[in-house]
$ cat query-v9.cif   # mmCIF, C-alpha atoms and all ligand atoms; chains and numbers go by the auth columns
data_my_file
#
loop_
_atom_site.group_PDB
_atom_site.id
_atom_site.type_symbol
_atom_site.label_atom_id
_atom_site.label_comp_id
_atom_site.label_asym_id
_atom_site.label_seq_id
_atom_site.Cartn_x
_atom_site.Cartn_y
_atom_site.Cartn_z
_atom_site.B_iso_or_equiv
_atom_site.auth_seq_id
_atom_site.auth_asym_id
ATOM 1 C CA MET A 1 0.000 0.000 0.000 0.00 20 A
ATOM 2 C CA PRO A 2 1.474 3.371 -0.970 0.00 21 A
ATOM 3 C CA VAL A 3 1.768 5.892 1.860 0.00 22 A
ATOM 4 C CA TYR A 4 0.730 8.852 -0.313 0.00 23 A
ATOM 5 C CA THR A 5 -2.044 8.981 -2.914 0.00 24 A
ATOM 6 C CA LEU A 6 -3.008 11.514 -5.584 0.00 25 A
ATOM 7 C CA PRO A 7 -6.096 13.461 -4.448 0.00 26 A
ATOM 8 C CA GLU A 8 -8.977 13.963 -6.883 0.00 27 A
ATOM 9 C CA LEU A 9 -9.363 17.465 -8.281 0.00 28 A
ATOM 10 C CA PRO A 10 -12.242 19.311 -6.559 0.00 29 A
ATOM 11 C CA TYR A 11 -13.545 20.432 -10.014 0.00 30 A
ATOM 12 C CA ASP A 12 -13.300 19.368 -13.645 0.00 31 A
ATOM 13 C CA TYR A 13 -10.389 20.270 -15.896 0.00 32 A
ATOM 14 C CA SER A 14 -12.186 23.242 -17.446 0.00 33 A
ATOM 15 C CA ALA A 15 -13.406 24.819 -14.181 0.00 34 A
ATOM 16 C CA LEU A 16 -10.641 27.431 -13.968 0.00 35 A
ATOM 17 C CA ALA A 17 -10.819 28.599 -17.597 0.00 36 A
ATOM 18 C CA PRO A 18 -10.042 31.099 -18.966 0.00 37 A
ATOM 19 C CA VAL A 19 -7.491 31.791 -16.207 0.00 38 A
ATOM 20 C CA ILE A 20 -5.982 28.302 -16.508 0.00 39 A
ATOM 21 C CA SER A 21 -6.712 26.129 -19.539 0.00 40 A
ATOM 22 C CA PRO A 22 -8.108 22.584 -19.181 0.00 41 A
ATOM 23 C CA GLU A 23 -4.998 21.197 -20.901 0.00 42 A
ATOM 24 C CA ILE A 24 -2.721 22.689 -18.240 0.00 43 A
ATOM 25 C CA ILE A 25 -4.885 21.461 -15.369 0.00 44 A
ATOM 26 C CA GLU A 26 -5.044 17.917 -16.770 0.00 45 A
ATOM 27 C CA LEU A 27 -1.296 17.627 -17.330 0.00 46 A
ATOM 28 C CA HIS A 28 -0.430 19.422 -14.111 0.00 47 A
ATOM 29 C CA HIS A 29 -2.601 17.206 -11.933 0.00 48 A
ATOM 30 C CA ASP A 30 -2.507 13.853 -13.744 0.00 49 A
ATOM 31 C CA LYS A 31 1.168 13.896 -14.708 0.00 50 A
ATOM 32 C CA HIS A 32 3.175 16.388 -12.618 0.00 51 A
ATOM 33 C CA HIS A 33 1.418 16.023 -9.280 0.00 52 A
ATOM 34 C CA ALA A 34 1.152 12.254 -9.799 0.00 53 A
ATOM 35 C CA ALA A 35 4.916 12.101 -10.306 0.00 54 A
ATOM 36 C CA TYR A 36 5.553 13.757 -6.929 0.00 55 A
ATOM 37 C CA VAL A 37 3.250 11.262 -5.212 0.00 56 A
ATOM 38 C CA LYS A 38 5.087 8.376 -6.854 0.00 57 A
ATOM 39 C CA GLY A 39 8.450 9.963 -6.060 0.00 58 A
ATOM 40 C CA ALA A 40 7.608 10.316 -2.373 0.00 59 A
ATOM 41 C CA ASN A 41 6.407 6.707 -2.139 0.00 60 A
ATOM 42 C CA ASP A 42 9.400 5.367 -4.068 0.00 61 A
ATOM 43 C CA THR A 43 11.822 7.295 -1.880 0.00 62 A
ATOM 44 C CA LEU A 44 10.270 5.931 1.310 0.00 63 A
ATOM 45 C CA GLU A 45 10.756 2.417 -0.104 0.00 64 A
ATOM 46 C CA GLN A 46 14.370 3.160 -0.997 0.00 65 A
ATOM 47 C CA LEU A 47 14.996 4.468 2.514 0.00 66 A
ATOM 48 C CA ALA A 48 13.484 1.297 4.005 0.00 67 A
ATOM 49 C CA GLU A 49 15.795 -0.731 1.777 0.00 68 A
ATOM 50 C CA ALA A 50 18.780 1.334 2.897 0.00 69 A
ATOM 51 C CA ARG A 51 17.897 0.641 6.537 0.00 70 A
ATOM 52 C CA ASP A 52 17.478 -3.083 5.874 0.00 71 A
ATOM 53 C CA LYS A 53 20.825 -3.319 4.117 0.00 72 A
ATOM 54 C CA GLU A 54 22.518 -0.759 6.336 0.00 73 A
ATOM 55 C CA SER A 55 23.600 0.790 3.048 0.00 74 A
ATOM 56 C CA TRP A 56 23.901 4.536 3.491 0.00 75 A
ATOM 57 C CA GLY A 57 25.864 5.543 0.390 0.00 76 A
ATOM 58 C CA SER A 58 22.821 7.309 -1.113 0.00 77 A
ATOM 59 C CA ILE A 59 21.448 8.893 2.047 0.00 78 A
ATOM 60 C CA ASN A 60 22.013 12.517 0.973 0.00 79 A
ATOM 61 C CA GLY A 61 20.248 12.036 -2.341 0.00 80 A
ATOM 62 C CA LEU A 62 17.398 10.084 -0.772 0.00 81 A
ATOM 63 C CA GLU A 63 16.721 12.683 1.904 0.00 82 A
ATOM 64 C CA LYS A 64 16.748 15.437 -0.719 0.00 83 A
ATOM 65 C CA ASN A 65 14.383 13.424 -2.920 0.00 84 A
ATOM 66 C CA LEU A 66 12.043 12.870 0.006 0.00 85 A
ATOM 67 C CA ALA A 67 11.917 16.600 0.788 0.00 86 A
ATOM 68 C CA PHE A 68 11.393 17.464 -2.893 0.00 87 A
ATOM 69 C CA HIS A 69 8.666 14.950 -3.728 0.00 88 A
ATOM 70 C CA LEU A 70 6.811 15.130 -0.430 0.00 89 A
ATOM 71 C CA SER A 71 6.773 18.933 -0.509 0.00 90 A
ATOM 72 C CA GLY A 72 5.650 18.816 -4.147 0.00 91 A
ATOM 73 C CA HIS A 73 2.773 16.534 -3.171 0.00 92 A
ATOM 74 C CA ILE A 74 1.752 18.728 -0.219 0.00 93 A
ATOM 75 C CA LEU A 75 1.922 22.041 -2.100 0.00 94 A
ATOM 76 C CA HIS A 76 -0.044 20.741 -5.095 0.00 95 A
ATOM 77 C CA SER A 77 -2.691 19.218 -2.798 0.00 96 A
ATOM 78 C CA ILE A 78 -3.194 22.691 -1.263 0.00 97 A
ATOM 79 C CA TYR A 79 -2.977 24.439 -4.658 0.00 98 A
ATOM 80 C CA TRP A 80 -5.990 22.632 -6.173 0.00 99 A
ATOM 81 C CA GLN A 81 -8.127 23.435 -3.142 0.00 100 A
ATOM 82 C CA ASN A 82 -6.983 27.073 -3.088 0.00 101 A
ATOM 83 C CA MET A 83 -8.661 27.699 -6.452 0.00 102 A
ATOM 84 C CA THR A 84 -12.233 27.880 -7.679 0.00 103 A
ATOM 85 C CA GLY A 85 -13.932 29.024 -10.888 0.00 104 A
ATOM 86 C CA PRO A 86 -13.696 32.755 -11.670 0.00 105 A
ATOM 87 C CA LYS A 87 -17.432 33.138 -10.908 0.00 106 A
ATOM 88 C CA ASP A 88 -16.878 32.188 -7.254 0.00 107 A
ATOM 89 C CA GLY A 89 -13.250 33.154 -6.739 0.00 108 A
ATOM 90 C CA GLY A 90 -11.109 36.240 -6.639 0.00 109 A
ATOM 91 C CA GLY A 91 -11.653 39.627 -5.103 0.00 110 A
ATOM 92 C CA GLU A 92 -10.463 40.028 -1.564 0.00 111 A
ATOM 93 C CA PRO A 93 -11.494 38.340 1.690 0.00 112 A
ATOM 94 C CA LEU A 94 -14.263 40.307 3.427 0.00 113 A
ATOM 95 C CA ALA A 95 -15.962 39.948 6.814 0.00 114 A
ATOM 96 C CA THR A 96 -19.321 39.975 5.023 0.00 115 A
ATOM 97 C CA ASP A 97 -18.328 36.713 3.296 0.00 116 A
ATOM 98 C CA GLY A 98 -17.545 35.049 6.635 0.00 117 A
ATOM 99 C CA VAL A 99 -13.784 35.291 6.210 0.00 118 A
ATOM 100 C CA GLY A 100 -13.191 38.292 8.486 0.00 119 A
ATOM 101 C CA ALA A 101 -10.583 36.553 10.672 0.00 120 A
ATOM 102 C CA LEU A 102 -8.382 35.975 7.626 0.00 121 A
ATOM 103 C CA ALA A 103 -8.979 39.521 6.366 0.00 122 A
ATOM 104 C CA ASP A 104 -7.945 40.922 9.780 0.00 123 A
ATOM 105 C CA ALA A 105 -4.842 38.716 9.937 0.00 124 A
ATOM 106 C CA ILE A 106 -3.747 39.906 6.491 0.00 125 A
ATOM 107 C CA LYS A 107 -4.172 43.562 7.496 0.00 126 A
ATOM 108 C CA GLU A 108 -2.349 43.008 10.796 0.00 127 A
ATOM 109 C CA SER A 109 0.534 41.132 9.197 0.00 128 A
ATOM 110 C CA PHE A 110 1.015 43.167 6.013 0.00 129 A
ATOM 111 C CA GLY A 111 -0.574 46.553 6.727 0.00 130 A
ATOM 112 C CA SER A 112 -3.192 46.197 3.999 0.00 131 A
ATOM 113 C CA PHE A 113 -4.611 43.691 1.525 0.00 132 A
ATOM 114 C CA ALA A 114 -3.002 45.683 -1.295 0.00 133 A
ATOM 115 C CA GLY A 115 0.414 45.451 0.381 0.00 134 A
ATOM 116 C CA PHE A 116 0.007 41.715 0.898 0.00 135 A
ATOM 117 C CA LYS A 117 -1.149 41.176 -2.681 0.00 136 A
ATOM 118 C CA ALA A 118 1.798 43.114 -4.048 0.00 137 A
ATOM 119 C CA GLN A 119 4.280 41.134 -1.925 0.00 138 A
ATOM 120 C CA LEU A 120 2.897 37.695 -2.836 0.00 139 A
ATOM 121 C CA THR A 121 2.628 38.667 -6.506 0.00 140 A
ATOM 122 C CA LYS A 122 6.248 39.828 -6.555 0.00 141 A
ATOM 123 C CA ALA A 123 7.506 36.800 -4.613 0.00 142 A
ATOM 124 C CA ALA A 124 5.764 34.388 -7.013 0.00 143 A
ATOM 125 C CA ALA A 125 6.551 36.257 -10.227 0.00 144 A
ATOM 126 C CA THR A 126 10.260 36.709 -9.496 0.00 145 A
ATOM 127 C CA THR A 127 11.102 33.116 -8.549 0.00 146 A
ATOM 128 C CA GLN A 128 14.394 32.182 -10.169 0.00 147 A
ATOM 129 C CA GLY A 129 14.005 28.831 -11.905 0.00 148 A
ATOM 130 C CA SER A 130 11.262 26.777 -10.296 0.00 149 A
ATOM 131 C CA GLY A 131 9.372 27.741 -7.177 0.00 150 A
ATOM 132 C CA TRP A 132 6.260 28.997 -5.462 0.00 151 A
ATOM 133 C CA GLY A 133 4.900 32.108 -3.829 0.00 152 A
ATOM 134 C CA VAL A 134 3.339 31.084 -0.529 0.00 153 A
ATOM 135 C CA LEU A 135 1.224 32.740 2.161 0.00 154 A
ATOM 136 C CA ALA A 136 1.943 30.881 5.395 0.00 155 A
ATOM 137 C CA TYR A 137 0.855 30.991 9.031 0.00 156 A
ATOM 138 C CA GLU A 138 3.946 31.341 11.209 0.00 157 A
ATOM 139 C CA PRO A 139 3.167 29.919 14.667 0.00 158 A
ATOM 140 C CA LEU A 140 5.937 31.566 16.730 0.00 159 A
ATOM 141 C CA SER A 141 4.655 35.054 15.963 0.00 160 A
ATOM 142 C CA GLY A 142 1.066 34.074 15.211 0.00 161 A
ATOM 143 C CA ARG A 143 1.360 36.151 12.045 0.00 162 A
ATOM 144 C CA LEU A 144 1.131 35.518 8.345 0.00 163 A
ATOM 145 C CA ILE A 145 4.268 35.641 6.215 0.00 164 A
ATOM 146 C CA VAL A 146 4.999 35.394 2.495 0.00 165 A
ATOM 147 C CA GLU A 147 7.638 32.871 1.477 0.00 166 A
ATOM 148 C CA GLN A 148 9.402 32.515 -1.867 0.00 167 A
ATOM 149 C CA VAL A 149 9.917 28.769 -2.052 0.00 168 A
ATOM 150 C CA TYR A 150 12.734 27.294 -4.182 0.00 169 A
ATOM 151 C CA ASP A 151 11.697 24.117 -6.015 0.00 170 A
ATOM 152 C CA HIS A 152 9.128 22.755 -3.536 0.00 171 A
ATOM 153 C CA GLN A 153 11.144 22.624 -0.344 0.00 172 A
ATOM 154 C CA GLY A 154 13.781 25.378 -0.101 0.00 173 A
ATOM 155 C CA ASN A 155 13.846 28.814 1.501 0.00 174 A
ATOM 156 C CA VAL A 156 11.069 28.149 4.024 0.00 175 A
ATOM 157 C CA GLY A 157 10.774 28.888 7.727 0.00 176 A
ATOM 158 C CA GLN A 158 10.473 25.634 9.663 0.00 177 A
ATOM 159 C CA GLY A 159 7.010 24.960 11.005 0.00 178 A
ATOM 160 C CA ALA A 160 5.082 27.593 9.051 0.00 179 A
ATOM 161 C CA THR A 161 1.871 26.252 7.482 0.00 180 A
ATOM 162 C CA PRO A 162 1.149 27.147 3.834 0.00 181 A
ATOM 163 C CA ILE A 163 -2.428 28.394 3.407 0.00 182 A
ATOM 164 C CA LEU A 164 -2.344 29.972 -0.081 0.00 183 A
ATOM 165 C CA VAL A 165 0.124 28.794 -2.711 0.00 184 A
ATOM 166 C CA PHE A 166 0.875 30.085 -6.204 0.00 185 A
ATOM 167 C CA ASP A 167 2.679 27.571 -8.396 0.00 186 A
ATOM 168 C CA ALA A 168 5.309 29.507 -10.356 0.00 187 A
ATOM 169 C CA TRP A 169 6.903 26.525 -12.137 0.00 188 A
ATOM 170 C CA GLU A 170 6.782 26.788 -15.916 0.00 189 A
ATOM 171 C CA HIS A 171 4.566 23.677 -16.141 0.00 190 A
ATOM 172 C CA ALA A 172 1.861 25.702 -14.331 0.00 191 A
ATOM 173 C CA PHE A 173 1.500 28.275 -17.099 0.00 192 A
ATOM 174 C CA TYR A 174 3.797 27.877 -20.110 0.00 193 A
ATOM 175 C CA LEU A 175 1.320 26.211 -22.513 0.00 194 A
ATOM 176 C CA GLN A 176 -0.986 29.214 -22.131 0.00 195 A
ATOM 177 C CA TYR A 177 1.057 32.196 -20.963 0.00 196 A
ATOM 178 C CA LYS A 178 4.389 31.299 -22.619 0.00 197 A
ATOM 179 C CA ASN A 179 7.164 33.356 -20.982 0.00 198 A
ATOM 180 C CA GLN A 180 4.744 35.837 -19.332 0.00 199 A
ATOM 181 C CA LYS A 181 4.952 34.541 -15.770 0.00 200 A
ATOM 182 C CA VAL A 182 3.886 37.927 -14.399 0.00 201 A
ATOM 183 C CA ASP A 183 0.646 37.818 -16.421 0.00 202 A
ATOM 184 C CA PHE A 184 -0.108 34.339 -15.102 0.00 203 A
ATOM 185 C CA ILE A 185 0.441 35.347 -11.481 0.00 204 A
ATOM 186 C CA ASP A 186 -1.685 38.479 -11.955 0.00 205 A
ATOM 187 C CA ALA A 187 -4.475 36.344 -13.455 0.00 206 A
ATOM 188 C CA MET A 188 -4.257 33.774 -10.638 0.00 207 A
ATOM 189 C CA TRP A 189 -5.860 36.206 -8.195 0.00 208 A
ATOM 190 C CA ALA A 190 -9.180 35.843 -10.064 0.00 209 A
ATOM 191 C CA VAL A 191 -9.501 32.167 -9.079 0.00 210 A
ATOM 192 C CA VAL A 192 -8.422 32.312 -5.428 0.00 211 A
ATOM 193 C CA ASN A 193 -10.914 30.502 -3.213 0.00 212 A
ATOM 194 C CA TRP A 194 -10.909 32.721 -0.107 0.00 213 A
ATOM 195 C CA GLN A 195 -13.259 30.377 1.731 0.00 214 A
ATOM 196 C CA ASP A 196 -10.632 27.663 1.457 0.00 215 A
ATOM 197 C CA VAL A 197 -7.779 29.978 2.481 0.00 216 A
ATOM 198 C CA ALA A 198 -9.800 31.162 5.504 0.00 217 A
ATOM 199 C CA ARG A 199 -10.521 27.565 6.523 0.00 218 A
ATOM 200 C CA ARG A 200 -6.802 26.812 6.391 0.00 219 A
ATOM 201 C CA TYR A 201 -5.936 29.977 8.333 0.00 220 A
ATOM 202 C CA GLU A 202 -8.381 29.162 11.106 0.00 221 A
ATOM 203 C CA ALA A 203 -7.167 25.554 11.365 0.00 222 A
ATOM 204 C CA ALA A 204 -3.505 26.646 11.540 0.00 223 A
ATOM 205 C CA ALA A 205 -4.122 29.496 13.997 0.00 224 A
ATOM 206 C CA SER A 206 -6.170 27.331 16.372 0.00 225 A
ATOM 207 C CA ARG A 207 -3.424 24.719 16.662 0.00 226 A
ATOM 208 C CA ALA A 208 -1.195 24.962 19.716 0.00 227 A
ATOM 209 C CA ASN A 209 2.326 26.239 19.078 0.00 228 A
ATOM 210 C CA THR A 210 4.255 22.984 19.181 0.00 229 A
ATOM 211 C CA LEU A 211 7.613 24.375 18.061 0.00 230 A
ATOM 212 C CA LEU A 212 9.197 25.949 21.136 0.00 231 A
ATOM 213 C CA LEU A 213 7.803 24.012 24.048 0.00 232 A
ATOM 214 C CA ALA A 214 8.850 25.297 27.457 0.00 233 A
ATOM 215 C CA PRO A 215 10.631 22.649 29.588 0.00 234 A
HETATM 216 MN MN MN B . 3.249 22.355 -10.231 0.00 301 B
#
$ encode --input "query-v9.cif" --output "C-alpha cells" --more "lines below"
Ligand code: MN
Amino acid sequence: MPVYTLPELPYDYSALAPVISPEIIELHHDKHHAAYVKGANDTLEQLAEARDKESWGSINGLEKNLAFHLSGHILHSIYWQNMTGPKDGGGEPLATDGVGALADAIKESFGSFAGFKAQLTKAAATTQGSGWGVLAYEPLSGRLIVEQVYDHQGNVGQGATPILVFDAWEHAFYLQYKNQKVDFIDAMWAVVNWQDVARRYEAAASRANTLLLAP
C-alpha cells in the first residue's frame, strides 16, 4: 500500500478557464502532481531498503528526494483546493463573506490587503528557476508571512503552514502564458478561493504552538 495517494481534483479540468486552460490542469494534476506522489512513495521504499541493508551511500540524495517529492505533493494538494472558478473566486477576503478573521490577519501582518497582494505577486513572479509564492501561518509570531519557495522545499521557515500557494513553475503556465509569468500570477488572483484559504488559516491558527515548548 502506498503511503501517499493523488487526491482527486475538486472540479473538472475546465473549471478554472479562462485563467488556466483545461490542458494545463489535466497535465499538471494527472502527470506532474502524480509524479511527486510516486516519487515520495518510491523514496520511502528506498529508505526502508537502505535501513534493511545498512547501506547509506545514497542517504544525501534520498533525503533530498524525500523533501522534494513530499513537498511537491503537499503544495499541489493545497494548490488545487486554493482555487475555484472565476465566478466564485477572486476579489479580496471580506468579513461579510464570513472570512473576516483571515482579512484581519492579512491587514495586521502586512498593513493592507493591497500590500500583501503586491508582496505575494512579486515573490511568485520573481522566482528564479522553479518555485512557489506562498502565504503561510507562522506559529511563533502568530502572524502571516509570504515565502518565496525554491523548487518545492527550499527557503522556508520551519514549522510555518502554507495556506495559499501560487505555483510559479513553468509547467503551471507555459502552454498558455508562454514566458509571461507575471501575467499568469496576476491572473491567478481571479480564481483564489478565499473560503478555502480562511478555513486553512483558522485551522492553523487554532493549533497549539508545538515548536518551542517550554521545559
Ligand atoms: Mn506544479
$ atom_distance --input "query-v9.cif" --atom1 "CA of His48 in chain A" --atom2 "CA of Tyr32 in chain A"
9.3 Å
$ residues_near_ligand --input "query-v9.cif" --ligand "ligand MN 301 (chain B)" --cutoff "7 Å" --atoms "all atoms listed in the file" --output "list in words"
His47, His51, His52, His95, Asp186, Trp188, His190 and Ala191 of chain A
$ axis_aligned_box --input "query-v9.cif" --around "range 113-127 of chain A" --padding-each-side "5 Å" --output "JSON"
{"center_x": -10.8, "center_y": 39.3, "center_z": 7.0, "size_x": 27.0, "size_y": 18.5, "size_z": 17.5}
$ resolve_selection --input "query-v9.cif" --expression "the PyMOL selection byres (((chain A and resi 177) around 12) and not hetatm)" --output "short mmCIF file (atom, residue, chain, number, x, y, z; two decimals) with C-alpha atoms, keeping the file's coordinate frame"
data_model
loop_
_atom_site.label_atom_id
_atom_site.label_comp_id
_atom_site.auth_asym_id
_atom_site.auth_seq_id
_atom_site.Cartn_x
_atom_site.Cartn_y
_atom_site.Cartn_z
CA ALA A 155 1.94 30.88 5.40
CA TYR A 156 0.86 30.99 9.03
CA GLU A 157 3.95 31.34 11.21
CA PRO A 158 3.17 29.92 14.67
CA LEU A 159 5.94 31.57 16.73
CA GLU A 166 7.64 32.87 1.48
CA GLN A 172 11.14 22.62 -0.34
CA GLY A 173 13.78 25.38 -0.10
CA ASN A 174 13.85 28.81 1.50
CA VAL A 175 11.07 28.15 4.02
CA GLY A 176 10.77 28.89 7.73
CA GLY A 178 7.01 24.96 11.00
CA ALA A 179 5.08 27.59 9.05
CA THR A 180 1.87 26.25 7.48
CA PRO A 181 1.15 27.15 3.83
CA THR A 229 4.26 22.98 19.18
CA LEU A 230 7.61 24.38 18.06
CA LEU A 231 9.20 25.95 21.14
#
$ atom_distance --input "query-v9.cif" --atom1 "CA of Gln214 in chain A" --atom2 "CA of Val118 in chain A"
6.7 Å
$ atom_distance --input "query-v9.cif" --atom1 "CA of Glu27 in chain A" --atom2 "CA of Tyr55 in chain A"
14.5 Å
$ resolve_selection --input "query-v9.cif" --expression "the PyMOL selection byres (((chain A and resi 36-43) around 9) and not hetatm)" --output "ChimeraX atom specification"
/A:31-35,44-48,104-105,190-195,203,206-207,209-210
$ resolve_selection --input "query-v9.cif" --expression "the PyMOL selection byres (((chain A and resi 130-141) around 8) and not hetatm)" --output "number ranges by chain"
A: 111, 122, 125-129, 142-145, 152-154, 165, 204-205
$ residues_around --input "query-v9.cif" --residues "Glu64 in chain A" --least-positions-apart "2" --cutoff "12 Å" --atoms "all atoms listed in the file" --output "list in words"
Met20, Pro21, Val22, Tyr23, Lys57, Gly58, Ala59, Asn60, Asp61, Thr62, Leu66, Ala67, Glu68, Ala69, Arg70, Asp71, Leu81, Asn84 and Leu85 of chain A
$ closest_residue --input "query-v9.cif" --among "A:Ala217, A:Ala222, A:Ala227, A:Leu25" --to "Gly117 in chain A" --atoms "only C-alpha atoms"
A:Ala217
$ closest_residue --input "query-v9.cif" --among "A:Ala54, A:Leu232, A:Ala86, A:Ile182" --to "Leu121 in chain A" --atoms "all atoms listed in the file"
A:Ile182
$ build_atoms --input "query-v9.cif" --residues "range 61-83 of chain A" --atoms "N, CA and C atoms" --output "tab-separated table (two decimals), in the coordinates of the input"
chain	number	residue	atom	x	y	z
A	61	ASP	N	8.20	6.11	-3.66
A	61	ASP	CA	9.40	5.37	-4.07
A	61	ASP	C	10.56	5.66	-3.13
A	62	THR	N	10.70	6.93	-2.74
A	62	THR	CA	11.82	7.30	-1.88
A	62	THR	C	11.69	6.66	-0.50
A	63	LEU	N	10.46	6.61	0.02
A	63	LEU	CA	10.27	5.93	1.31
A	63	LEU	C	10.69	4.46	1.22
A	64	GLU	N	10.36	3.83	0.09
A	64	GLU	CA	10.76	2.42	-0.10
A	64	GLU	C	12.27	2.28	-0.17
A	65	GLN	N	12.90	3.22	-0.87
A	65	GLN	CA	14.37	3.16	-1.00
A	65	GLN	C	15.05	3.39	0.36
A	66	LEU	N	14.44	4.24	1.18
A	66	LEU	CA	15.00	4.47	2.51
A	66	LEU	C	14.83	3.22	3.38
A	67	ALA	N	13.70	2.54	3.24
A	67	ALA	CA	13.48	1.30	4.00
A	67	ALA	C	14.53	0.25	3.59
A	68	GLU	N	14.80	0.21	2.28
A	68	GLU	CA	15.80	-0.73	1.78
A	68	GLU	C	17.18	-0.39	2.33
A	69	ALA	N	17.48	0.91	2.36
A	69	ALA	CA	18.78	1.33	2.90
A	69	ALA	C	18.93	0.92	4.36
A	70	ARG	N	17.84	1.06	5.12
A	70	ARG	CA	17.90	0.64	6.54
A	70	ARG	C	18.11	-0.86	6.65
A	71	ASP	N	17.36	-1.62	5.83
A	71	ASP	CA	17.48	-3.08	5.87
A	71	ASP	C	18.90	-3.53	5.57
A	72	LYS	N	19.49	-2.90	4.56
A	72	LYS	CA	20.82	-3.32	4.12
A	72	LYS	C	21.93	-2.58	4.84
A	73	GLU	N	21.54	-1.65	5.70
A	73	GLU	CA	22.52	-0.76	6.34
A	73	GLU	C	23.47	-0.19	5.28
A	74	SER	N	22.85	0.27	4.20
A	74	SER	CA	23.60	0.79	3.05
A	74	SER	C	23.27	2.27	2.90
A	75	TRP	N	24.21	3.10	3.36
A	75	TRP	CA	23.90	4.54	3.49
A	75	TRP	C	24.60	5.40	2.45
A	76	GLY	N	25.13	4.78	1.40
A	76	GLY	CA	25.86	5.54	0.39
A	76	GLY	C	25.02	6.61	-0.31
A	77	SER	N	23.69	6.38	-0.39
A	77	SER	CA	22.82	7.31	-1.11
A	77	SER	C	21.97	8.18	-0.19
A	78	ILE	N	22.33	8.23	1.08
A	78	ILE	CA	21.45	8.89	2.05
A	78	ILE	C	21.19	10.37	1.70
A	79	ASN	N	22.22	11.09	1.26
A	79	ASN	CA	22.01	12.52	0.97
A	79	ASN	C	21.00	12.70	-0.14
A	80	GLY	N	21.17	11.93	-1.21
A	80	GLY	CA	20.25	12.04	-2.34
A	80	GLY	C	18.84	11.62	-1.96
A	81	LEU	N	18.73	10.57	-1.16
A	81	LEU	CA	17.40	10.08	-0.77
A	81	LEU	C	16.67	11.10	0.10
A	82	GLU	N	17.38	11.70	1.04
A	82	GLU	CA	16.72	12.68	1.90
A	82	GLU	C	16.30	13.91	1.09
A	83	LYS	N	17.11	14.30	0.14
A	83	LYS	CA	16.75	15.44	-0.72
A	83	LYS	C	15.53	15.08	-1.57
